[in-house]
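**Student:** For reference, this is work-v4.cif, and it has mmCIF, C-alpha atoms.
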```cif
data_target
#
loop_
_atom_site.group_PDB
_atom_site.id
_atom_site.type_symbol
_atom_site.label_atom_id
_atom_site.label_comp_id
_atom_site.auth_asym_id
_atom_site.auth_seq_id
_atom_site.Cartn_x
_atom_site.Cartn_y
_atom_site.Cartn_z
ATOM 1 C CA MET A 1 80.290 57.329 25.414
ATOM 2 C CA THR A 2 78.211 60.403 26.171
ATOM 3 C CA ARG A 3 76.202 59.822 23.035
ATOM 4 C CA THR A 4 75.509 56.236 24.157
ATOM 5 C CA LYS A 5 74.028 57.308 27.521
ATOM 6 C CA ALA A 6 71.875 59.955 25.860
ATOM 7 C CA SER A 7 70.603 57.445 23.369
ATOM 8 C CA GLY A 8 69.735 55.061 26.209
ATOM 9 C CA ARG A 9 67.802 57.752 27.991
ATOM 10 C CA SER A 10 65.951 58.608 24.762
ATOM 11 C CA ILE A 11 64.990 55.007 24.256
ATOM 12 C CA ARG A 12 63.735 54.731 27.868
ATOM 13 C CA ASN A 13 61.736 57.968 27.520
ATOM 14 C CA LEU A 14 60.207 56.746 24.258
ATOM 15 C CA SER A 15 59.200 53.472 25.904
ATOM 16 C CA ALA A 16 57.549 55.337 28.754
ATOM 17 C CA LEU A 17 55.559 57.436 26.319
ATOM 18 C CA VAL A 18 54.418 54.350 24.420
ATOM 19 C CA LEU A 19 53.362 52.665 27.666
ATOM 20 C CA ALA A 20 51.427 55.737 28.797
ATOM 21 C CA ALA A 21 49.668 55.918 25.457
ATOM 22 C CA ALA A 22 48.708 52.277 25.742
ATOM 23 C CA VAL A 23 47.274 52.842 29.217
ATOM 24 C CA VAL A 24 45.218 55.801 28.008
ATOM 25 C CA THR A 25 43.952 53.864 24.983
ATOM 26 C CA GLY A 26 42.959 50.926 27.174
ATOM 27 C CA ALA A 27 41.074 53.159 29.576
ATOM 28 C CA ALA A 28 39.223 54.764 26.705
ATOM 29 C CA ALA A 29 38.303 51.346 25.353
ATOM 30 C CA CYS A 30 36.928 50.300 28.751
ATOM 31 C CA ALA A 31 34.915 53.486 28.993
ATOM 32 C CA GLY A 32 33.469 52.840 25.542
ATOM 33 C CA THR A 33 32.235 49.373 26.534
ATOM 34 C CA SER A 34 30.890 50.210 30.007
ATOM 35 C CA ALA A 35 27.379 50.955 28.591
ATOM 36 C CA GLU A 36 27.165 47.599 26.819
ATOM 37 C CA PRO A 37 24.729 45.089 28.381
ATOM 38 C CA ALA A 38 26.173 42.381 30.542
ATOM 39 C CA ALA A 39 26.365 38.886 29.154
ATOM 40 C CA GLY A 40 22.911 37.275 29.038
ATOM 41 C CA THR A 41 21.051 40.622 29.124
ATOM 42 C CA SER A 42 19.608 42.769 26.365
ATOM 43 C CA ALA A 43 19.718 46.472 25.687
ATOM 44 C CA PRO A 44 16.744 48.648 26.720
ATOM 45 C CA ASP A 45 13.863 48.452 24.221
ATOM 46 C CA ALA A 46 13.458 51.916 22.722
ATOM 47 C CA SER A 47 10.098 51.067 21.196
ATOM 48 C CA ALA A 48 8.786 49.906 24.568
ATOM 49 C CA SER A 49 9.832 53.214 26.108
ATOM 50 C CA ALA A 50 8.083 55.099 23.306
ATOM 51 C CA THR A 51 4.946 53.008 23.760
ATOM 52 C CA ALA A 52 4.907 53.661 27.484
ATOM 53 C CA THR A 53 5.317 57.373 26.830
ATOM 54 C CA THR A 54 2.456 57.535 24.326
ATOM 55 C CA ALA A 55 0.050 55.252 26.204
ATOM 56 C CA PRO A 56 -3.355 56.952 26.703
ATOM 57 C CA ALA A 57 -3.814 58.657 30.039
ATOM 58 C CA GLY A 58 -6.075 61.282 31.560
ATOM 59 C CA THR A 59 -9.811 61.966 31.520
ATOM 60 C CA ILE A 60 -12.283 62.502 28.689
ATOM 61 C CA THR A 61 -15.986 63.248 28.575
ATOM 62 C CA VAL A 62 -18.111 61.407 26.035
ATOM 63 C CA PHE A 63 -21.492 62.768 24.953
ATOM 64 C CA ALA A 64 -23.514 59.792 23.703
ATOM 65 C CA ALA A 65 -27.047 59.078 22.529
ATOM 66 C CA ALA A 66 -29.421 57.815 25.217
ATOM 67 C CA SER A 67 -29.786 54.462 23.442
ATOM 68 C CA LEU A 68 -26.068 53.849 24.028
ATOM 69 C CA LYS A 69 -26.197 54.185 27.805
ATOM 70 C CA ALA A 70 -25.871 50.519 28.755
ATOM 71 C CA THR A 71 -23.299 49.595 26.122
ATOM 72 C CA PHE A 72 -21.111 52.682 26.468
ATOM 73 C CA THR A 73 -21.114 52.421 30.250
ATOM 74 C CA LYS A 74 -19.662 48.927 29.846
ATOM 75 C CA LEU A 75 -17.265 50.034 27.125
ATOM 76 C CA GLY A 76 -16.019 52.832 29.359
ATOM 77 C CA THR A 77 -15.321 50.406 32.189
ATOM 78 C CA ASP A 78 -13.603 47.963 29.841
ATOM 79 C CA PHE A 79 -11.519 50.733 28.259
ATOM 80 C CA GLU A 80 -10.328 51.988 31.640
ATOM 81 C CA ALA A 81 -9.367 48.447 32.664
ATOM 82 C CA ALA A 82 -7.388 48.005 29.446
ATOM 83 C CA ASN A 83 -5.735 51.413 29.845
ATOM 84 C CA PRO A 84 -4.767 52.066 33.494
ATOM 85 C CA GLY A 85 -4.575 55.763 34.274
ATOM 86 C CA THR A 86 -7.558 56.692 32.089
ATOM 87 C CA THR A 87 -11.028 57.852 33.100
ATOM 88 C CA VAL A 88 -14.052 58.076 30.820
ATOM 89 C CA THR A 89 -17.105 60.036 31.962
ATOM 90 C CA PHE A 90 -20.396 60.113 30.079
ATOM 91 C CA SER A 91 -23.340 62.379 29.424
ATOM 92 C CA PHE A 92 -26.314 60.551 27.892
ATOM 93 C CA ALA A 93 -29.300 62.286 26.285
ATOM 94 C CA GLY A 94 -31.144 62.592 23.007
ATOM 95 C CA SER A 95 -28.674 63.264 20.196
ATOM 96 C CA SER A 96 -30.325 66.576 19.278
ATOM 97 C CA ASP A 97 -30.121 67.767 22.896
ATOM 98 C CA LEU A 98 -26.446 66.854 23.025
ATOM 99 C CA VAL A 99 -25.776 68.782 19.816
ATOM 100 C CA THR A 100 -27.461 71.827 21.346
ATOM 101 C CA GLN A 101 -25.267 71.511 24.432
ATOM 102 C CA ILE A 102 -22.063 71.120 22.412
ATOM 103 C CA THR A 103 -22.807 74.066 20.125
ATOM 104 C CA GLY A 104 -23.557 76.042 23.275
ATOM 105 C CA GLY A 105 -20.056 75.415 24.567
ATOM 106 C CA ALA A 106 -20.523 72.387 26.829
ATOM 107 C CA PRO A 107 -17.114 70.742 27.384
ATOM 108 C CA ALA A 108 -16.885 67.368 25.663
ATOM 109 C CA ASP A 109 -14.195 65.335 23.946
ATOM 110 C CA VAL A 110 -16.168 62.742 21.965
ATOM 111 C CA PHE A 111 -19.665 62.683 20.478
ATOM 112 C CA ALA A 112 -21.544 59.492 19.570
ATOM 113 C CA SER A 113 -24.821 60.145 17.770
ATOM 114 C CA ALA A 114 -27.775 57.871 17.066
ATOM 115 C CA ASP A 115 -27.956 59.230 13.519
ATOM 116 C CA THR A 116 -25.815 60.949 10.912
ATOM 117 C CA LYS A 117 -28.066 64.025 10.748
ATOM 118 C CA ASN A 118 -27.083 65.327 14.175
ATOM 119 C CA MET A 119 -23.399 64.534 13.628
ATOM 120 C CA THR A 120 -23.572 66.508 10.366
ATOM 121 C CA LYS A 121 -24.781 69.550 12.316
ATOM 122 C CA LEU A 122 -21.561 69.544 14.339
ATOM 123 C CA THR A 123 -19.420 68.844 11.284
ATOM 124 C CA ALA A 124 -20.975 71.800 9.466
ATOM 125 C CA ALA A 125 -20.252 73.984 12.499
ATOM 126 C CA THR A 126 -16.580 72.843 12.387
ATOM 127 C CA LEU A 127 -16.911 71.410 15.877
ATOM 128 C CA VAL A 128 -15.743 67.930 14.844
ATOM 129 C CA SER A 129 -12.104 66.922 14.544
ATOM 130 C CA GLY A 130 -11.393 64.590 11.628
ATOM 131 C CA THR A 131 -13.962 62.386 9.935
ATOM 132 C CA PRO A 132 -16.767 60.704 11.922
ATOM 133 C CA VAL A 133 -16.704 56.897 11.899
ATOM 134 C CA ASP A 134 -19.861 54.769 11.715
ATOM 135 C CA PHE A 135 -19.801 52.086 14.412
ATOM 136 C CA ALA A 136 -23.322 50.599 14.701
ATOM 137 C CA THR A 137 -26.854 50.472 13.325
ATOM 138 C CA ASN A 138 -30.249 50.132 14.993
ATOM 139 C CA ILE A 139 -33.919 49.683 14.091
ATOM 140 C CA LEU A 140 -37.202 50.475 15.802
ATOM 141 C CA GLU A 141 -39.315 48.010 17.747
ATOM 142 C CA ILE A 142 -42.621 48.377 19.573
ATOM 143 C CA ALA A 143 -42.342 48.079 23.355
ATOM 144 C CA THR A 144 -45.356 47.196 25.495
ATOM 145 C CA PRO A 145 -45.805 46.560 29.213
ATOM 146 C CA PRO A 146 -45.339 42.910 30.250
ATOM 147 C CA GLY A 147 -48.182 40.795 28.912
ATOM 148 C CA ASN A 148 -48.981 43.341 26.174
ATOM 149 C CA PRO A 149 -52.375 44.248 27.726
ATOM 150 C CA ALA A 150 -53.515 46.285 24.707
ATOM 151 C CA GLY A 151 -52.828 43.376 22.361
ATOM 152 C CA VAL A 152 -50.540 45.289 19.999
ATOM 153 C CA LYS A 153 -49.486 43.017 17.144
ATOM 154 C CA SER A 154 -48.385 45.326 14.334
ATOM 155 C CA PHE A 155 -47.256 48.837 13.476
ATOM 156 C CA GLN A 156 -50.716 49.517 12.020
ATOM 157 C CA ASP A 157 -52.256 48.864 15.443
ATOM 158 C CA LEU A 158 -50.588 52.031 16.713
ATOM 159 C CA ALA A 159 -52.975 54.090 14.552
ATOM 160 C CA ASN A 160 -55.772 53.101 16.943
ATOM 161 C CA PRO A 161 -56.483 56.070 19.248
ATOM 162 C CA ASP A 162 -57.654 53.680 21.951
ATOM 163 C CA ILE A 163 -54.056 52.440 22.259
ATOM 164 C CA THR A 164 -52.037 55.022 24.164
ATOM 165 C CA THR A 165 -48.756 55.259 22.329
ATOM 166 C CA VAL A 166 -45.639 57.232 23.220
ATOM 167 C CA ILE A 167 -43.010 58.144 20.631
ATOM 168 C CA CYS A 168 -39.865 60.271 20.366
ATOM 169 C CA ALA A 169 -40.020 63.864 19.146
ATOM 170 C CA PRO A 170 -39.152 64.253 15.428
ATOM 171 C CA ALA A 171 -35.895 66.087 16.237
ATOM 172 C CA VAL A 172 -34.621 63.006 18.085
ATOM 173 C CA PRO A 173 -33.212 60.170 15.927
ATOM 174 C CA CYS A 174 -35.803 57.634 17.127
ATOM 175 C CA GLY A 175 -38.511 60.207 16.361
ATOM 176 C CA ALA A 176 -37.146 60.886 12.887
ATOM 177 C CA ALA A 177 -37.127 57.134 12.264
ATOM 178 C CA THR A 178 -40.750 56.958 13.417
ATOM 179 C CA VAL A 179 -41.734 59.665 10.931
ATOM 180 C CA THR A 180 -39.920 57.772 8.165
ATOM 181 C CA VAL A 181 -41.849 54.580 8.907
ATOM 182 C CA GLU A 182 -45.147 56.483 9.124
ATOM 183 C CA GLN A 183 -44.511 57.989 5.702
ATOM 184 C CA ALA A 184 -43.471 54.628 4.228
ATOM 185 C CA THR A 185 -46.591 52.867 5.540
ATOM 186 C CA GLY A 186 -49.160 55.649 5.387
ATOM 187 C CA VAL A 187 -49.869 55.104 9.099
ATOM 188 C CA THR A 188 -50.207 58.112 11.408
ATOM 189 C CA ILE A 189 -49.773 57.487 15.115
ATOM 190 C CA PRO A 190 -51.971 59.629 17.417
ATOM 191 C CA ALA A 191 -49.277 59.698 20.083
ATOM 192 C CA VAL A 192 -50.193 60.874 23.553
ATOM 193 C CA SER A 193 -46.707 62.332 24.035
ATOM 194 C CA GLU A 194 -43.440 62.946 22.214
ATOM 195 C CA GLU A 195 -40.308 62.491 24.313
ATOM 196 C CA SER A 196 -36.857 64.042 23.951
ATOM 197 C CA ALA A 197 -35.041 60.733 24.519
ATOM 198 C CA VAL A 198 -35.781 57.108 23.721
ATOM 199 C CA THR A 199 -35.147 56.191 27.362
ATOM 200 C CA ASP A 200 -38.076 58.411 28.363
ATOM 201 C CA VAL A 201 -40.356 56.514 25.997
ATOM 202 C CA LEU A 202 -39.157 53.228 27.425
ATOM 203 C CA GLY A 203 -39.714 54.501 30.968
ATOM 204 C CA LYS A 204 -43.351 55.382 30.305
ATOM 205 C CA VAL A 205 -44.021 51.975 28.799
ATOM 206 C CA SER A 206 -42.289 49.983 31.538
ATOM 207 C CA SER A 207 -44.150 51.953 34.219
ATOM 208 C CA GLY A 208 -47.497 51.200 32.555
ATOM 209 C CA GLU A 209 -48.219 54.836 31.647
ATOM 210 C CA ALA A 210 -48.542 53.833 27.978
ATOM 211 C CA ASP A 211 -49.842 50.807 26.104
ATOM 212 C CA ALA A 212 -47.026 51.012 23.582
ATOM 213 C CA GLY A 213 -43.947 52.976 22.657
ATOM 214 C CA LEU A 214 -41.584 53.084 19.700
ATOM 215 C CA VAL A 215 -38.034 52.507 20.850
ATOM 216 C CA TYR A 216 -34.967 50.771 19.460
ATOM 217 C CA ALA A 217 -34.653 47.006 19.326
ATOM 218 C CA THR A 218 -31.628 47.323 21.621
ATOM 219 C CA ASP A 219 -33.745 49.130 24.210
ATOM 220 C CA VAL A 220 -36.251 46.277 24.296
ATOM 221 C CA GLN A 221 -33.449 43.742 24.662
ATOM 222 C CA GLY A 222 -31.728 45.748 27.373
ATOM 223 C CA ALA A 223 -34.952 46.284 29.347
ATOM 224 C CA GLY A 224 -35.336 42.565 29.961
ATOM 225 C CA SER A 225 -38.604 41.530 31.579
ATOM 226 C CA THR A 226 -39.767 45.100 32.261
ATOM 227 C CA VAL A 227 -41.197 45.367 28.740
ATOM 228 C CA GLU A 228 -42.324 43.102 25.921
ATOM 229 C CA GLY A 229 -41.139 43.619 22.358
ATOM 230 C CA VAL A 230 -43.185 43.520 19.161
ATOM 231 C CA PRO A 231 -40.906 43.533 16.091
ATOM 232 C CA PHE A 232 -42.371 44.770 12.798
ATOM 233 C CA ALA A 233 -41.055 44.351 9.258
ATOM 234 C CA GLU A 234 -41.638 48.008 8.339
ATOM 235 C CA SER A 235 -38.799 49.017 10.683
ATOM 236 C CA SER A 236 -36.380 48.223 7.855
ATOM 237 C CA ALA A 237 -37.526 51.458 6.183
ATOM 238 C CA ALA A 238 -35.643 53.444 8.819
ATOM 239 C CA VAL A 239 -32.282 52.010 9.813
ATOM 240 C CA ASN A 240 -30.333 54.397 12.011
ATOM 241 C CA THR A 241 -26.564 54.542 11.575
ATOM 242 C CA TYR A 242 -24.494 55.626 14.579
ATOM 243 C CA PRO A 243 -21.341 57.744 13.969
ATOM 244 C CA ILE A 244 -18.668 58.704 16.519
ATOM 245 C CA ALA A 245 -16.053 61.463 16.375
ATOM 246 C CA ALA A 246 -13.635 63.492 18.459
ATOM 247 C CA LEU A 247 -14.606 67.108 18.975
ATOM 248 C CA SER A 248 -12.328 69.947 17.910
ATOM 249 C CA ALA A 249 -12.432 71.467 21.402
ATOM 250 C CA THR A 250 -10.962 68.395 23.085
ATOM 251 C CA LYS A 251 -7.838 68.952 25.146
ATOM 252 C CA SER A 252 -7.013 65.238 25.022
ATOM 253 C CA PRO A 253 -7.092 64.308 21.318
ATOM 254 C CA GLY A 254 -4.917 61.223 21.816
ATOM 255 C CA LEU A 255 -7.144 59.764 24.515
ATOM 256 C CA ALA A 256 -10.292 60.696 22.593
ATOM 257 C CA GLN A 257 -9.015 58.849 19.537
ATOM 258 C CA ALA A 258 -7.967 55.872 21.644
ATOM 259 C CA PHE A 259 -11.534 55.543 22.947
ATOM 260 C CA ILE A 260 -12.962 55.843 19.430
ATOM 261 C CA ASP A 261 -10.571 53.136 18.252
ATOM 262 C CA TYR A 262 -11.732 50.939 21.123
ATOM 263 C CA VAL A 263 -15.417 51.395 20.229
ATOM 264 C CA THR A 264 -14.802 50.653 16.555
ATOM 265 C CA GLY A 265 -12.340 47.829 17.269
ATOM 266 C CA ALA A 266 -12.982 44.141 17.904
ATOM 267 C CA ASP A 267 -13.693 44.467 21.645
ATOM 268 C CA GLY A 268 -16.110 47.358 21.247
ATOM 269 C CA GLN A 269 -17.920 45.749 18.355
ATOM 270 C CA ALA A 270 -18.372 42.538 20.337
ATOM 271 C CA VAL A 271 -20.109 44.444 23.152
ATOM 272 C CA LEU A 272 -22.357 46.272 20.706
ATOM 273 C CA THR A 273 -23.295 43.089 18.857
ATOM 274 C CA THR A 274 -24.191 41.363 22.112
ATOM 275 C CA ALA A 275 -26.467 44.293 22.952
ATOM 276 C CA GLY A 276 -28.333 43.853 19.670
ATOM 277 C CA PHE A 277 -26.769 46.568 17.533
ATOM 278 C CA GLY A 278 -26.173 45.847 13.861
ATOM 279 C CA LYS A 279 -22.932 46.336 11.976
ATOM 280 C CA PRO A 280 -22.395 49.752 10.351
#
```
Using structure tokens, write down the structure that the file contains.
**Tutor:**
Amino acid sequence: MTRTKASGRSIRNLSALVLAAAVVTGAAACAGTSAEPAAGTSAPDASASATATTAPAGTITVFAAASLKATFTKLGTDFEAANPGTTVTFSFAGSSDLVTQITGGAPADVFASADTKNMTKLTAATLVSGTPVDFATNILEIATPPGNPAGVKSFQDLANPDITTVICAPAVPCGAATVTVEQATGVTIPAVSEESAVTDVLGKVSSGEADAGLVYATDVQGAGSTVEGVPFAESSAAVNTYPIAALSATKSPGLAQAFIDYVTGADGQAVLTTAGFGKP
């Protein structure tokens, strides 16, 4: 009889242990499923979180050729609108002047040149990060004041000393292109001045200080009614290719590359084409 009571107690104790184990197992199961999404909802998107984390943000400074002023100003505004939290500031000047500033230590994140020659100077000095990308082309065109008072009709007309002509200095891409066309045609222009930026040439023509000036076709288009353009076939002898690259000194390589991608992408190319630039 004693053995019977002990056995009963053992059975009851065993049952209690089994019940306790079941309770613990159930609690663990509930804890394991508490992080699962509720019915009708989805789990957090890991890729979306990663994208948000790597989205471009911050400020970069872009050094760009003077002939890019109008288009890059628009591209900067468009880029900022497409990427909230970003700011793009610009410094526009002749490409050779910008190279001098960069090699002298001027802080910049991206360089956009009006020719490959000046970009090569920075590449050779190991001041460029990665490989420059060509994003546009441009050709020369004669600009005259409205009405073309001197009656300029061809590139050969610029050899006439009675026509006051302004050109870019040879070190500037538009000046180097001018020299190339002069050599190809055998025409020498007795220029009254050589400017350090194509915008300076355009300014002297639009103000009436010169009868003619050699600028880019995009400059004539962008100037609207302030100047009159005279295209010439010989301009095809000097097609300028525009490269863009991040600089090795940039502290925001991701944002710099994002801007470059925007310029070379569909949106950037559409703006450049509208402004009169050719495809690279």
**Student:** Find, counting all atoms listed in the file, the residue in A:Ala108, A:Ala249, A:Val133, A:Ala125 that gets nearest to Asp261 of chain A.
**Tutor:**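 Closest to Asp261 of chain A, using all atoms listed in the file: A:Val133.
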**Student:** Find the residues around Ala233 of chain A up to 12 Å (only C-alpha atoms counted), leave out those fewer than 2 positions away in its own chain, and share them as an MDAnalysis selection string.
**Tutor:** chainID A and resid 139:142 153:156 181 184:185 230:231 235:239
**Student:** Using all atoms listed in the file, which residues sit within 8 Å of segment 96-99 of chain A once same-chain residues fewer than 5 positions away are excluded, as a ChimeraX atom specification?
**Tutor:** /A:63-65,118-119,121-122,171-173,196
**Student:** To one decimal in Å, tell me the separation between atom CA of Thr164 of chain A and atom CA of Ala177 of chain A.
**Tutor:**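 Atom-to-atom, atom CA of Thr164 of chain A and atom CA of Ala177 of chain A are spaced 19.2 Å apart.
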**Student:** As an exercise, work out the distance from atom CA of Ala124 of chain A to atom CA of Ala245 of chain A in Å and give it to one decimal place.
**Tutor:** 13.4 Å
**Student:** Just say which residues the PyMOL selection byres ((chain A and resi 93) around 6) picks in this file, as a list in words.
**Tutor:**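 Written out, the selection comes to Ala65, Ala66, Phe92 and Gly94 of chain A.
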**Student:** In file coordinates, which residues lie within 9 Å of (-18.6, 62.9, 10.5) using only C-alpha atoms, given as a PDB file with C-alpha atoms, keeping the file's coordinate frame?
**Tutor:**
```pdb
ATOM      1  CA  THR A 116     -25.815  60.949  10.912  1.00  0.00           C
ATOM      2  CA  MET A 119     -23.399  64.534  13.628  1.00  0.00           C
ATOM      3  CA  THR A 120     -23.572  66.508  10.366  1.00  0.00           C
ATOM      4  CA  LEU A 122     -21.561  69.544  14.339  1.00  0.00           C
ATOM      5  CA  THR A 123     -19.420  68.844  11.284  1.00  0.00           C
ATOM      6  CA  VAL A 128     -15.743  67.930  14.844  1.00  0.00           C
ATOM      7  CA  SER A 129     -12.104  66.922  14.544  1.00  0.00           C
ATOM      8  CA  GLY A 130     -11.393  64.590  11.628  1.00  0.00           C
ATOM      9  CA  THR A 131     -13.962  62.386   9.935  1.00  0.00           C
ATOM     10  CA  PRO A 132     -16.767  60.704  11.922  1.00  0.00           C
ATOM     11  CA  VAL A 133     -16.704  56.897  11.899  1.00  0.00           C
ATOM     12  CA  ASP A 134     -19.861  54.769  11.715  1.00  0.00           C
ATOM     13  CA  PRO A 243     -21.341  57.744  13.969  1.00  0.00           C
ATOM     14  CA  ILE A 244     -18.668  58.704  16.519  1.00  0.00           C
ATOM     15  CA  ALA A 245     -16.053  61.463  16.375  1.00  0.00           C
TER      16      ALA A 245
END
```
**Student:** Report as JSON, numbers by chain the residues that result from applying the PyMOL selection byres ((chain A and resi 150) around 12) to the structure here.
**Tutor:** {"A": [143, 144, 145, 146, 147, 148, 149, 151, 152, 153, 154, 157, 158, 160, 161, 162, 163, 164, 165, 205, 208, 210, 211, 212, 213, 228]}
**Student:** Which value, in Å to one decimal, gives the distance between atom CA of Ser113 of chain A and atom CA of Thr54 of chain A?
**Tutor:**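 Value for the atom CA of Ser113 of chain A-atom CA of Thr54 of chain A distance: 28.2 Å.
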**Student:** What do you get, as a ChimeraX atom specification, if you spell out every residue that the PyMOL selection byres ((chain A and resi 278) around 7) selects here?
**Tutor:** /A:136-138,273,276-277,279-280
**Student:** What does the file look like for those residues with C-alpha atoms, as a PDB file, keeping the file's coordinate frame?
**Tutor:**
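Ended up saving to again-v6.pdb:
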```
ATOM      1  CA  ALA A 136     -23.322  50.599  14.701  1.00  0.00           C
ATOM      2  CA  THR A 137     -26.854  50.472  13.325  1.00  0.00           C
ATOM      3  CA  ASN A 138     -30.249  50.132  14.993  1.00  0.00           C
ATOM      4  CA  THR A 273     -23.295  43.089  18.857  1.00  0.00           C
ATOM      5  CA  GLY A 276     -28.333  43.853  19.670  1.00  0.00           C
ATOM      6  CA  PHE A 277     -26.769  46.568  17.533  1.00  0.00           C
ATOM      7  CA  LYS A 279     -22.932  46.336  11.976  1.00  0.00           C
ATOM      8  CA  PRO A 280     -22.395  49.752  10.351  1.00  0.00           C
TER       9      PRO A 280
END
```
**Student:** Can you tell me which residues surround segment 71-85 of chain A at a distance of at most 7 Å, considering all atoms listed in the file, apart from same-chain residues fewer than 6 positions away, and format the answer as JSON, numbers by chain?
**Tutor:** {"A": [56, 57, 58, 268, 271, 272, 275]}
**Student:** Between A:Val201, A:Val88, A:Leu68, A:Val215, which one has atoms that come closest to Phe135 of chain A, using only C-alpha atoms?
**Tutor:**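 Looking only at the distances to Phe135 of chain A, the closest residue turns out to be A:Leu68.
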**Student:** Near Lys251 of chain A, counting all atoms listed in the file, which residues have an atom at most 12 Å away, once you skip same-chain residues fewer than 2 positions from it, shown as a ChimeraX atom specification?
**Tutor:** /A:58-61,107-110,129,246-249,253-257
**Student:** Once 4 Å is added on each side, what are the centre and the three edge lengths, in Å to one decimal, of the axis-aligned box enclosing the listed atoms of segment 239-244 of chain A? Present them as AutoDock Vina command-line options.
**Tutor:**
```
--center_x -25.5 --center_y 55.4 --center_z 13.2 --size_x 21.6 --size_y 14.7 --size_z 14.7
```
**Student:** Rank A:Gly224, A:Gly186, A:Gly203, A:Gly229 by their smallest atom-to-atom distance to Val166 of chain A, using all atoms listed in the file, and report the top residue only.
**Tutor:**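 Looking only at the distances to Val166 of chain A, the closest residue turns out to be A:Gly203.
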**Student:** Which residue is closest to Thr264 of chain A? Choose from A:Ala112, A:Cys168, A:Val179, A:Ala70 and count only C-alpha atoms.
**Tutor:**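 Closest candidate: A:Ala112.
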